[in-house]
Amino acid sequence: MHVNRDAPVILGIETSCDETGIGIVRGRTLLSNTIASSMDEHARYGGVVPEVAARAHLEALEPAIHAALAESGVALSDIDAVAVTSGPGLAGALMVGVGAAKALAVSLERPLYAVNHLVGHIAADILDPDAPPLEYPTVALLVSGGHTSLLLVRDLTTDVELLGETMDDAAGEAFDKVARLLGLPYPGGPEIDRAAASGDPEAIRFPRGLSRASDMADHRYDFSFSGLKTAVARWIEQQQAAGEPVPVADVAASFRDAVVDVLVSKALAACRDHGVPRLLLGGGVIANRRLREVALERAAAEGVTVRIPPLSLCTDNGAMIAALASELVMSGRLPSTLDFGADSTLPVTQIQVAEAAR
Amino acid sequence: MTGVGASPITLEGVILGIDTSLGSAVAVVEHDGAVRSQVESADARGHAEVIGSLIERALAEASVRPDSITHVAAGMGPGPFTGLRVGIAAARTFALGRGVPLVPVVSHDAVALELLLHDALTGELDEPGRRAFAVVTDARRREFAYTVYDGLDDDGLPRRRTEPGLAPRDELDALLDAGDVRRHDAARIPAGLLALTAARALAAGRSIGPADALYLRSPDVTLPAGPKKVRT
Ligand SMILES: [Zn+2]
């Protein structure tokens with residue numbers, strides 16, 4: 001199958017969590033980033049319910065593809081390749097996108113690229129028209145409701161190494177859970193942020209997970225947020241048992257700073273250890289203003305340059321999947337065979353899944 | 001099952017049938033019902049893995065290109081939801097990719113049509129006192145999905161006496177006996193018959209399938225306990 005390798009038009013499909021993302025790019029130019037979220041349907045459960053998310057993907061896909069085509073002005077016949085997230089993510093949710101992408105590729109008689117969601121988050125940066133080209137190597141910190149990963153990116157299409165990841169909850173999940181403890185609605189990130197605005201981040205000293213000297217030997221770049229959540233719960237209980245009011249603003253601010261501190265400290269430690277003066281931030285939790293501020297401030301103090309893709313491309317989306325596939329096409333990689341599946345634990349080292357044999 | 005014949009395609013085009021409510025099955029069928037190809041995988045789990053290759057093989061064995069497809073018939077279930085969705089998603093995007101209509105079909109209708117056509121051939125269909133029958137499929141979680149039929153209607157489509165429903169495994173027989181309904185267990189959905197069901201509905205100008213997947217179950221969600229009372 002002949003593919004336009006100069007500036008391929010790629011339609012990307014992303015269904016790994018609760019966002020149905022359809023993105024269309026031409027080379028490194030973003031043409032559409034269409035997202036249908038089922039977030040509201042999860043609100044009453046306090047977190048993403050996999051079956052609810054998967055059902056929503058099935059309903060949202062077709063309208064989202066139509067909307068993306070309309071916005072981009074691209075006709076189906078203009079599409080050079082289809083791209084899809086193979087993993088990691090929620091298995092049932094991923095399968096909807098995989099089935100849809102395969103049938104679309106076959107119906108259009110176009111090649112299909114199955115790619116890694118986490119590496120897609122890094123590729124989102126390439127679509128920023130105002131940013132200088134991505135320099136290698138770079139450390140990447142990806143933080144969302146589904147993942148918290150620290151990566152060393154030597155080359156987007158060939159060499160991404162996992163330095164560390166969360167051992168339990170993702171950072172975004174911790175925000176949701178602590179928001180619930182404080183009686184705040186879902187999703188917790190923006191709510192904690194709002195509540196924290198008037199709080200004192202140093203009012204309560206919450207634990208920094210996996211940050212003790214002994215932890216730093218075995219889990220230098222790994223994260224753990226479940227202990228922090230438990231610490232917040234215990235602190236609130238003790239307050240209530242003592243008949244004291246719970247200072248929501250202070251708890252929110254102190255909790256948020258504990259999370260931000262660990263994230264930024266470990267990311268900068270990775271930069272230092274690997275002699276890499278570049279840090280790329282990605283994932284939905286990057287929308288947290290405090291995280292961006294602290295990262296920028298502390299990175300600047302250490303001479304590390306921070307890159308943050310446009311926030312609309314930080315949350316899960318199909319454009320980043322299309323962008324990654326576009327890089328693969330432009331670097332001459334062959335399409336995926338049709339035999340791959342959804343891989344909920346796809347390792348980050350596997351940037352493309354099921355590349356055809358030459 | 002492998003492809004049937006490879007004669008030149010007709011100008012009217014063909015229907016693509018896709019069902020993943022049990023295994024994964026794909027067929028290419030002419031509007032008059034001639035099955036040009038039918039391929040399937042019995043694997044009750046690997047729907048996402050096989051669906052693309054099955055569609056490609058069905059087209060190849062039918063000797064048609066995607067642009068010969070005039071309609072896509074989608075098996076809407078009932079079926080275990082994770083797998084069921086894969087085929088519906090694929091059917092929808094294939095139809096979108098070609099700009100052709102999607103024809104949703106109750107998956108059990110395909111099995112019922114197969115039985116009724118067989119009965120018609122053997123003359124059983126015309127026997128007086130013929131009993132209604134139920135198409136029964138595995139719904140997992142100790143339940144069966146079943147739909148009761150009592151013959152063909154004037155358009156040659158299976159006539160449902162009841163809409164698809166779920167019954168506990170050990171209660172289904174008593175339930176069917178009470179209605180004097182013969183039981184027919186199906187382990188596969190014939191995609192060719194699914195496409196033929198769609199063809200007959202199209203010919204009759206009727207819409208017979210549900211717009212949405214027939215999950216028959218709510219998502220498994222237990223609502224969390226209310227947030228802790230916190231004074232502010
Ligand atoms: Zn993500």
# chains A, B, ... in the order shown; residues from 1 in each chain; ligands from 1
>>> closest_atom_pairs(of="chain A", to="ligand 1", cutoff="12 Å", atoms="only C-alpha atoms and all ligand atoms", output="Markdown table")
| residue | atom | partner | partner_atom_place_in_ligand_line | distance |
| --- | --- | --- | --- | --- |
| A:Glu14 | CA | ligand 1 | 1 (Zn) | 9.4 |
| A:Thr15 | CA | ligand 1 | 1 (Zn) | 9.8 |
| A:Ser16 | CA | ligand 1 | 1 (Zn) | 7.5 |
| A:Cys17 | CA | ligand 1 | 1 (Zn) | 7.6 |
| A:Asp18 | CA | ligand 1 | 1 (Zn) | 9.8 |
| A:Glu19 | CA | ligand 1 | 1 (Zn) | 9.4 |
| A:Thr20 | CA | ligand 1 | 1 (Zn) | 11.6 |
| A:Gly21 | CA | ligand 1 | 1 (Zn) | 11.0 |
| A:Thr85 | CA | ligand 1 | 1 (Zn) | 10.4 |
| A:Gly87 | CA | ligand 1 | 1 (Zn) | 10.0 |
| A:Pro88 | CA | ligand 1 | 1 (Zn) | 8.8 |
| A:Gly89 | CA | ligand 1 | 1 (Zn) | 8.1 |
| A:Leu90 | CA | ligand 1 | 1 (Zn) | 10.9 |
| A:Asn116 | CA | ligand 1 | 1 (Zn) | 10.1 |
| A:His117 | CA | ligand 1 | 1 (Zn) | 6.4 |
| A:Leu118 | CA | ligand 1 | 1 (Zn) | 6.3 |
| A:Val119 | CA | ligand 1 | 1 (Zn) | 9.4 |
| A:Gly120 | CA | ligand 1 | 1 (Zn) | 8.3 |
| A:His121 | CA | ligand 1 | 1 (Zn) | 6.6 |
| A:Ile122 | CA | ligand 1 | 1 (Zn) | 10.1 |
| A:Ala123 | CA | ligand 1 | 1 (Zn) | 11.8 |
| A:Ala124 | CA | ligand 1 | 1 (Zn) | 10.9 |
| A:Leu141 | CA | ligand 1 | 1 (Zn) | 11.5 |
| A:Leu142 | CA | ligand 1 | 1 (Zn) | 7.7 |
| A:Val143 | CA | ligand 1 | 1 (Zn) | 7.7 |
| A:Ser144 | CA | ligand 1 | 1 (Zn) | 6.0 |
| A:Gly145 | CA | ligand 1 | 1 (Zn) | 7.7 |
| A:Gly146 | CA | ligand 1 | 1 (Zn) | 6.4 |
| A:His147 | CA | ligand 1 | 1 (Zn) | 6.6 |
| A:Thr148 | CA | ligand 1 | 1 (Zn) | 9.1 |
| A:Ser149 | CA | ligand 1 | 1 (Zn) | 10.1 |
| A:Ala170 | CA | ligand 1 | 1 (Zn) | 10.8 |
| A:Ala171 | CA | ligand 1 | 1 (Zn) | 11.9 |
| A:Gly172 | CA | ligand 1 | 1 (Zn) | 10.6 |
| A:Leu281 | CA | ligand 1 | 1 (Zn) | 11.9 |
| A:Gly282 | CA | ligand 1 | 1 (Zn) | 8.3 |
| A:Gly283 | CA | ligand 1 | 1 (Zn) | 5.5 |
| A:Gly284 | CA | ligand 1 | 1 (Zn) | 7.1 |
| A:Val285 | CA | ligand 1 | 1 (Zn) | 9.7 |
| A:Ile286 | CA | ligand 1 | 1 (Zn) | 11.1 |
| A:Leu313 | CA | ligand 1 | 1 (Zn) | 10.2 |
| A:Cys314 | CA | ligand 1 | 1 (Zn) | 8.0 |
| A:Thr315 | CA | ligand 1 | 1 (Zn) | 6.4 |
| A:Asp316 | CA | ligand 1 | 1 (Zn) | 4.7 |
| A:Asn317 | CA | ligand 1 | 1 (Zn) | 8.0 |
| A:Gly318 | CA | ligand 1 | 1 (Zn) | 10.5 |
| A:Met320 | CA | ligand 1 | 1 (Zn) | 10.0 |
| A:Ile321 | CA | ligand 1 | 1 (Zn) | 10.6 |
>>> residues_around(residues="Gly13 in chain B", least_positions_apart="2", cutoff="12 Å", atoms="only C-alpha atoms", output="ChimeraX atom specification")
/B:8-11,15-16,28-34,36,62-72,100,199
>>> residues_around(residues="Leu115 in chain B", least_positions_apart="5", cutoff="10 Å", atoms="only C-alpha atoms", output="PyMOL selection string")
chain B and resi 109-110+120-121+125+133+135+151+158+184
>>> write_last_selection(atoms="all heavy atoms", output="CSV table (one decimal), in the first residue's frame")
chain,number,residue,atom,x,y,z
B,109,ASP,N,-32.2,-13.2,15.2
B,109,ASP,CA,-33.0,-13.3,14.0
B,109,ASP,C,-32.3,-14.1,12.9
B,109,ASP,O,-32.9,-14.8,12.2
B,109,ASP,CB,-33.3,-11.9,13.4
B,109,ASP,CG,-34.4,-11.2,14.1
B,109,ASP,OD1,-34.8,-11.6,15.2
B,109,ASP,OD2,-34.8,-10.1,13.7
B,110,ALA,N,-30.9,-14.0,12.9
B,110,ALA,CA,-30.2,-14.7,11.9
B,110,ALA,C,-30.3,-16.2,12.1
B,110,ALA,O,-30.5,-17.0,11.2
B,110,ALA,CB,-28.7,-14.3,11.9
B,120,ALA,N,-38.6,-24.8,6.1
B,120,ALA,CA,-39.4,-24.6,4.9
B,120,ALA,C,-39.0,-25.6,3.8
B,120,ALA,O,-39.8,-26.1,3.1
B,120,ALA,CB,-39.2,-23.2,4.4
B,121,LEU,N,-37.6,-25.9,3.8
B,121,LEU,CA,-37.1,-26.9,2.8
B,121,LEU,C,-37.6,-28.3,3.1
B,121,LEU,O,-38.0,-29.0,2.2
B,121,LEU,CB,-35.6,-26.9,2.8
B,121,LEU,CG,-34.9,-25.7,2.1
B,121,LEU,CD1,-33.4,-25.8,2.3
B,121,LEU,CD2,-35.3,-25.7,0.6
B,125,LEU,N,-42.3,-26.5,8.1
B,125,LEU,CA,-42.9,-25.2,8.4
B,125,LEU,C,-44.4,-25.2,8.3
B,125,LEU,O,-45.1,-24.5,8.9
B,125,LEU,CB,-42.2,-24.2,7.5
B,125,LEU,CG,-42.5,-22.7,7.8
B,125,LEU,CD1,-42.0,-22.3,9.2
B,125,LEU,CD2,-41.8,-21.8,6.8
B,133,PHE,N,-40.5,-21.6,18.8
B,133,PHE,CA,-39.2,-22.0,19.2
B,133,PHE,C,-38.4,-20.8,19.8
B,133,PHE,O,-38.7,-19.6,19.4
B,133,PHE,CB,-38.4,-22.7,18.1
B,133,PHE,CG,-38.0,-21.8,17.0
B,133,PHE,CD1,-36.8,-21.1,17.0
B,133,PHE,CD2,-38.9,-21.6,15.9
B,133,PHE,CE1,-36.5,-20.3,15.9
B,133,PHE,CE2,-38.5,-20.8,14.8
B,133,PHE,CZ,-37.3,-20.1,14.8
B,135,VAL,N,-34.6,-19.1,20.2
B,135,VAL,CA,-33.2,-19.1,20.0
B,135,VAL,C,-32.5,-18.8,21.3
B,135,VAL,O,-32.8,-17.8,21.9
B,135,VAL,CB,-32.8,-18.1,18.9
B,135,VAL,CG1,-31.3,-18.0,18.8
B,135,VAL,CG2,-33.4,-18.5,17.6
B,151,GLY,N,-42.5,-18.2,13.5
B,151,GLY,CA,-42.6,-18.4,12.0
B,151,GLY,C,-42.1,-17.2,11.2
B,151,GLY,O,-41.4,-16.3,11.8
B,158,PRO,N,-38.1,-13.6,10.1
B,158,PRO,CA,-38.6,-14.3,11.3
B,158,PRO,C,-39.4,-13.4,12.2
B,158,PRO,O,-39.1,-12.2,12.4
B,158,PRO,CB,-37.3,-14.6,12.1
B,158,PRO,CG,-36.2,-14.2,11.2
B,158,PRO,CD,-36.7,-13.4,10.1
B,184,HIS,N,-33.9,-24.0,21.1
B,184,HIS,CA,-32.8,-24.2,20.1
B,184,HIS,C,-31.6,-23.4,20.6
B,184,HIS,O,-31.6,-22.2,20.5
B,184,HIS,CB,-33.2,-23.8,18.7
B,184,HIS,CG,-32.1,-24.0,17.7
B,184,HIS,ND1,-31.9,-25.2,17.1
B,184,HIS,CD2,-31.1,-23.1,17.3
B,184,HIS,CE1,-30.8,-25.1,16.3
B,184,HIS,NE2,-30.3,-23.8,16.5
>>> residues_around(residues="Glu171 in chain B", least_positions_apart="4", cutoff="12 Å", atoms="only C-alpha atoms", output="PyMOL selection string")
chain B and resi 142-145+166-167+175-178
>>> closest_residue(among="A:Pro247, A:Gly164, A:Gly209, A:Pro111", to="chain B", atoms="only C-alpha atoms")
A:Pro247
>>> residues_around(residues="Ser107 in chain B", least_positions_apart="6", cutoff="7 Å", atoms="only C-alpha atoms", output="list in words")
Gly75, Met76, Gly77, Pro78, Ile189 and Leu194 of chain B
>>> interface_residues(of="chain A", to="chain B", cutoff="8 Å", atoms="only C-alpha atoms", output="PyMOL selection string")
chain A and resi 44-46+49+51-52+55+58+61-62+76+92+95-104+106-109+180-183+236+240+245-248+338-342
>>> select_by_dssp(residues="range 92-212 of chain B", states="strand (DSSP E)", output="ChimeraX atom specification")
/B:102-105,132-138,143-152,158-160,165-168,181-185
>>> write_last_selection(atoms="N, CA, C and O atoms", output="CSV table (one decimal), in the first residue's frame")
chain,number,residue,atom,x,y,z
B,102,LEU,N,-26.0,1.6,7.5
B,102,LEU,CA,-25.9,0.5,8.5
B,102,LEU,C,-27.3,-0.1,8.7
B,102,LEU,O,-28.3,0.6,8.8
B,103,VAL,N,-27.4,-1.5,8.7
B,103,VAL,CA,-28.7,-2.1,8.9
B,103,VAL,C,-28.5,-2.9,10.2
B,103,VAL,O,-28.0,-4.0,10.2
B,104,PRO,N,-29.1,-2.5,11.3
B,104,PRO,CA,-29.0,-3.2,12.6
B,104,PRO,C,-29.9,-4.4,12.5
B,104,PRO,O,-31.1,-4.3,12.1
B,105,VAL,N,-29.4,-5.5,13.0
B,105,VAL,CA,-30.2,-6.8,13.0
B,105,VAL,C,-30.1,-7.4,14.4
B,105,VAL,O,-29.0,-7.5,14.9
B,132,ALA,N,-43.8,-22.9,18.6
B,132,ALA,CA,-42.9,-21.8,18.6
B,132,ALA,C,-41.6,-22.3,19.1
B,132,ALA,O,-41.5,-23.3,19.7
B,133,PHE,N,-40.5,-21.6,18.8
B,133,PHE,CA,-39.2,-22.0,19.2
B,133,PHE,C,-38.4,-20.8,19.8
B,133,PHE,O,-38.7,-19.6,19.4
B,134,ALA,N,-37.5,-21.1,20.6
B,134,ALA,CA,-36.6,-20.0,21.2
B,134,ALA,C,-35.2,-20.2,20.7
B,134,ALA,O,-34.7,-21.3,20.8
B,135,VAL,N,-34.6,-19.1,20.2
B,135,VAL,CA,-33.2,-19.1,20.0
B,135,VAL,C,-32.5,-18.8,21.3
B,135,VAL,O,-32.8,-17.8,21.9
B,136,VAL,N,-31.6,-19.7,21.8
B,136,VAL,CA,-31.0,-19.5,23.1
B,136,VAL,C,-29.5,-19.4,22.9
B,136,VAL,O,-28.8,-20.3,22.3
B,137,THR,N,-28.9,-18.4,23.5
B,137,THR,CA,-27.4,-18.2,23.5
B,137,THR,C,-26.9,-18.0,24.9
B,137,THR,O,-27.6,-17.5,25.8
B,138,ASP,N,-25.6,-18.3,25.0
B,138,ASP,CA,-24.9,-18.1,26.3
B,138,ASP,C,-24.8,-16.6,26.6
B,138,ASP,O,-24.3,-15.8,25.8
B,143,GLU,N,-26.5,-17.2,33.0
B,143,GLU,CA,-27.8,-16.8,32.4
B,143,GLU,C,-27.8,-17.1,30.9
B,143,GLU,O,-26.7,-17.2,30.3
B,144,PHE,N,-28.9,-17.3,30.3
B,144,PHE,CA,-29.1,-17.4,28.9
B,144,PHE,C,-29.8,-16.2,28.3
B,144,PHE,O,-30.7,-15.6,29.0
B,145,ALA,N,-29.5,-15.9,27.1
B,145,ALA,CA,-30.3,-14.9,26.3
B,145,ALA,C,-31.2,-15.7,25.4
B,145,ALA,O,-30.7,-16.7,24.9
B,146,TYR,N,-32.4,-15.3,25.3
B,146,TYR,CA,-33.3,-16.0,24.4
B,146,TYR,C,-34.3,-15.1,23.8
B,146,TYR,O,-34.7,-14.1,24.3
B,147,THR,N,-34.8,-15.5,22.6
B,147,THR,CA,-35.8,-14.8,21.9
B,147,THR,C,-36.8,-15.9,21.3
B,147,THR,O,-36.3,-16.9,20.7
B,148,VAL,N,-38.0,-15.7,21.4
B,148,VAL,CA,-39.0,-16.6,21.0
B,148,VAL,C,-39.6,-16.2,19.6
B,148,VAL,O,-39.9,-15.0,19.4
B,149,TYR,N,-39.6,-17.2,18.7
B,149,TYR,CA,-40.1,-16.9,17.3
B,149,TYR,C,-41.3,-17.9,17.0
B,149,TYR,O,-41.3,-19.0,17.6
B,150,ASP,N,-42.2,-17.5,16.1
B,150,ASP,CA,-43.2,-18.4,15.8
B,150,ASP,C,-43.5,-18.5,14.3
B,150,ASP,O,-44.6,-18.8,13.8
B,151,GLY,N,-42.5,-18.2,13.5
B,151,GLY,CA,-42.6,-18.4,12.0
B,151,GLY,C,-42.1,-17.2,11.2
B,151,GLY,O,-41.4,-16.3,11.8
B,152,LEU,N,-42.3,-17.3,9.9
B,152,LEU,CA,-41.9,-16.3,9.0
B,152,LEU,C,-43.1,-15.3,8.7
B,152,LEU,O,-44.2,-15.8,8.5
B,158,PRO,N,-38.1,-13.6,10.1
B,158,PRO,CA,-38.6,-14.3,11.3
B,158,PRO,C,-39.4,-13.4,12.2
B,158,PRO,O,-39.1,-12.2,12.4
B,159,ARG,N,-40.6,-14.0,12.7
B,159,ARG,CA,-41.5,-13.2,13.5
B,159,ARG,C,-41.2,-13.4,14.9
B,159,ARG,O,-41.3,-14.6,15.4
B,160,ARG,N,-40.8,-12.4,15.7
B,160,ARG,CA,-40.5,-12.5,17.1
B,160,ARG,C,-41.8,-12.5,17.9
B,160,ARG,O,-42.6,-11.6,17.7
B,165,GLY,N,-34.5,-11.6,25.7
B,165,GLY,CA,-34.5,-11.4,27.2
B,165,GLY,C,-33.5,-12.3,27.8
B,165,GLY,O,-32.8,-13.1,27.1
B,166,LEU,N,-33.3,-12.2,29.1
B,166,LEU,CA,-32.4,-13.0,29.9
B,166,LEU,C,-33.1,-13.9,30.8
B,166,LEU,O,-34.2,-13.5,31.4
B,167,ALA,N,-32.6,-15.1,31.0
B,167,ALA,CA,-33.2,-16.0,32.0
B,167,ALA,C,-32.1,-16.8,32.7
B,167,ALA,O,-31.1,-17.1,32.1
B,168,PRO,N,-32.3,-17.0,34.0
B,168,PRO,CA,-31.3,-17.9,34.7
B,168,PRO,C,-31.2,-19.2,34.1
B,168,PRO,O,-32.2,-19.7,33.6
B,181,VAL,N,-42.8,-23.8,24.1
B,181,VAL,CA,-41.8,-23.3,23.2
B,181,VAL,C,-40.6,-24.3,23.1
B,181,VAL,O,-40.1,-24.7,24.1
B,182,ARG,N,-40.3,-24.7,21.9
B,182,ARG,CA,-39.2,-25.6,21.6
B,182,ARG,C,-37.9,-24.8,21.8
B,182,ARG,O,-37.8,-23.6,21.5
B,183,ARG,N,-36.9,-25.4,22.3
B,183,ARG,CA,-35.6,-24.7,22.6
B,183,ARG,C,-34.6,-25.0,21.6
B,183,ARG,O,-34.4,-26.2,21.2
B,184,HIS,N,-33.9,-24.0,21.1
B,184,HIS,CA,-32.8,-24.2,20.1
B,184,HIS,C,-31.6,-23.4,20.6
B,184,HIS,O,-31.6,-22.2,20.5
B,185,ASP,N,-30.6,-24.2,21.0
B,185,ASP,CA,-29.4,-23.5,21.5
B,185,ASP,C,-28.5,-23.2,20.3
B,185,ASP,O,-28.3,-24.1,19.4
>>> select_by_dssp(residues="range 99-208 of chain A", states="helix (DSSP H, G or I)", output="ChimeraX atom specification")
/A:99-108,117-127,171-181,188-196
>>> residues_around(residues="Pro190 in chain B", least_positions_apart="3", cutoff="9 Å", atoms="only C-alpha atoms", output="list of chain:residue names")
B:Asp19, B:Ala25, B:Val26, B:Ala27, B:Gln38, B:Glu40, B:Ser107, B:Ala110, B:Val111, B:Glu114, B:Leu193, B:Leu194, B:Ala195
>>> atom_distance(atom1="CA of Val259 in chain A", atom2="CA of Ala197 in chain A")
15.5 Å
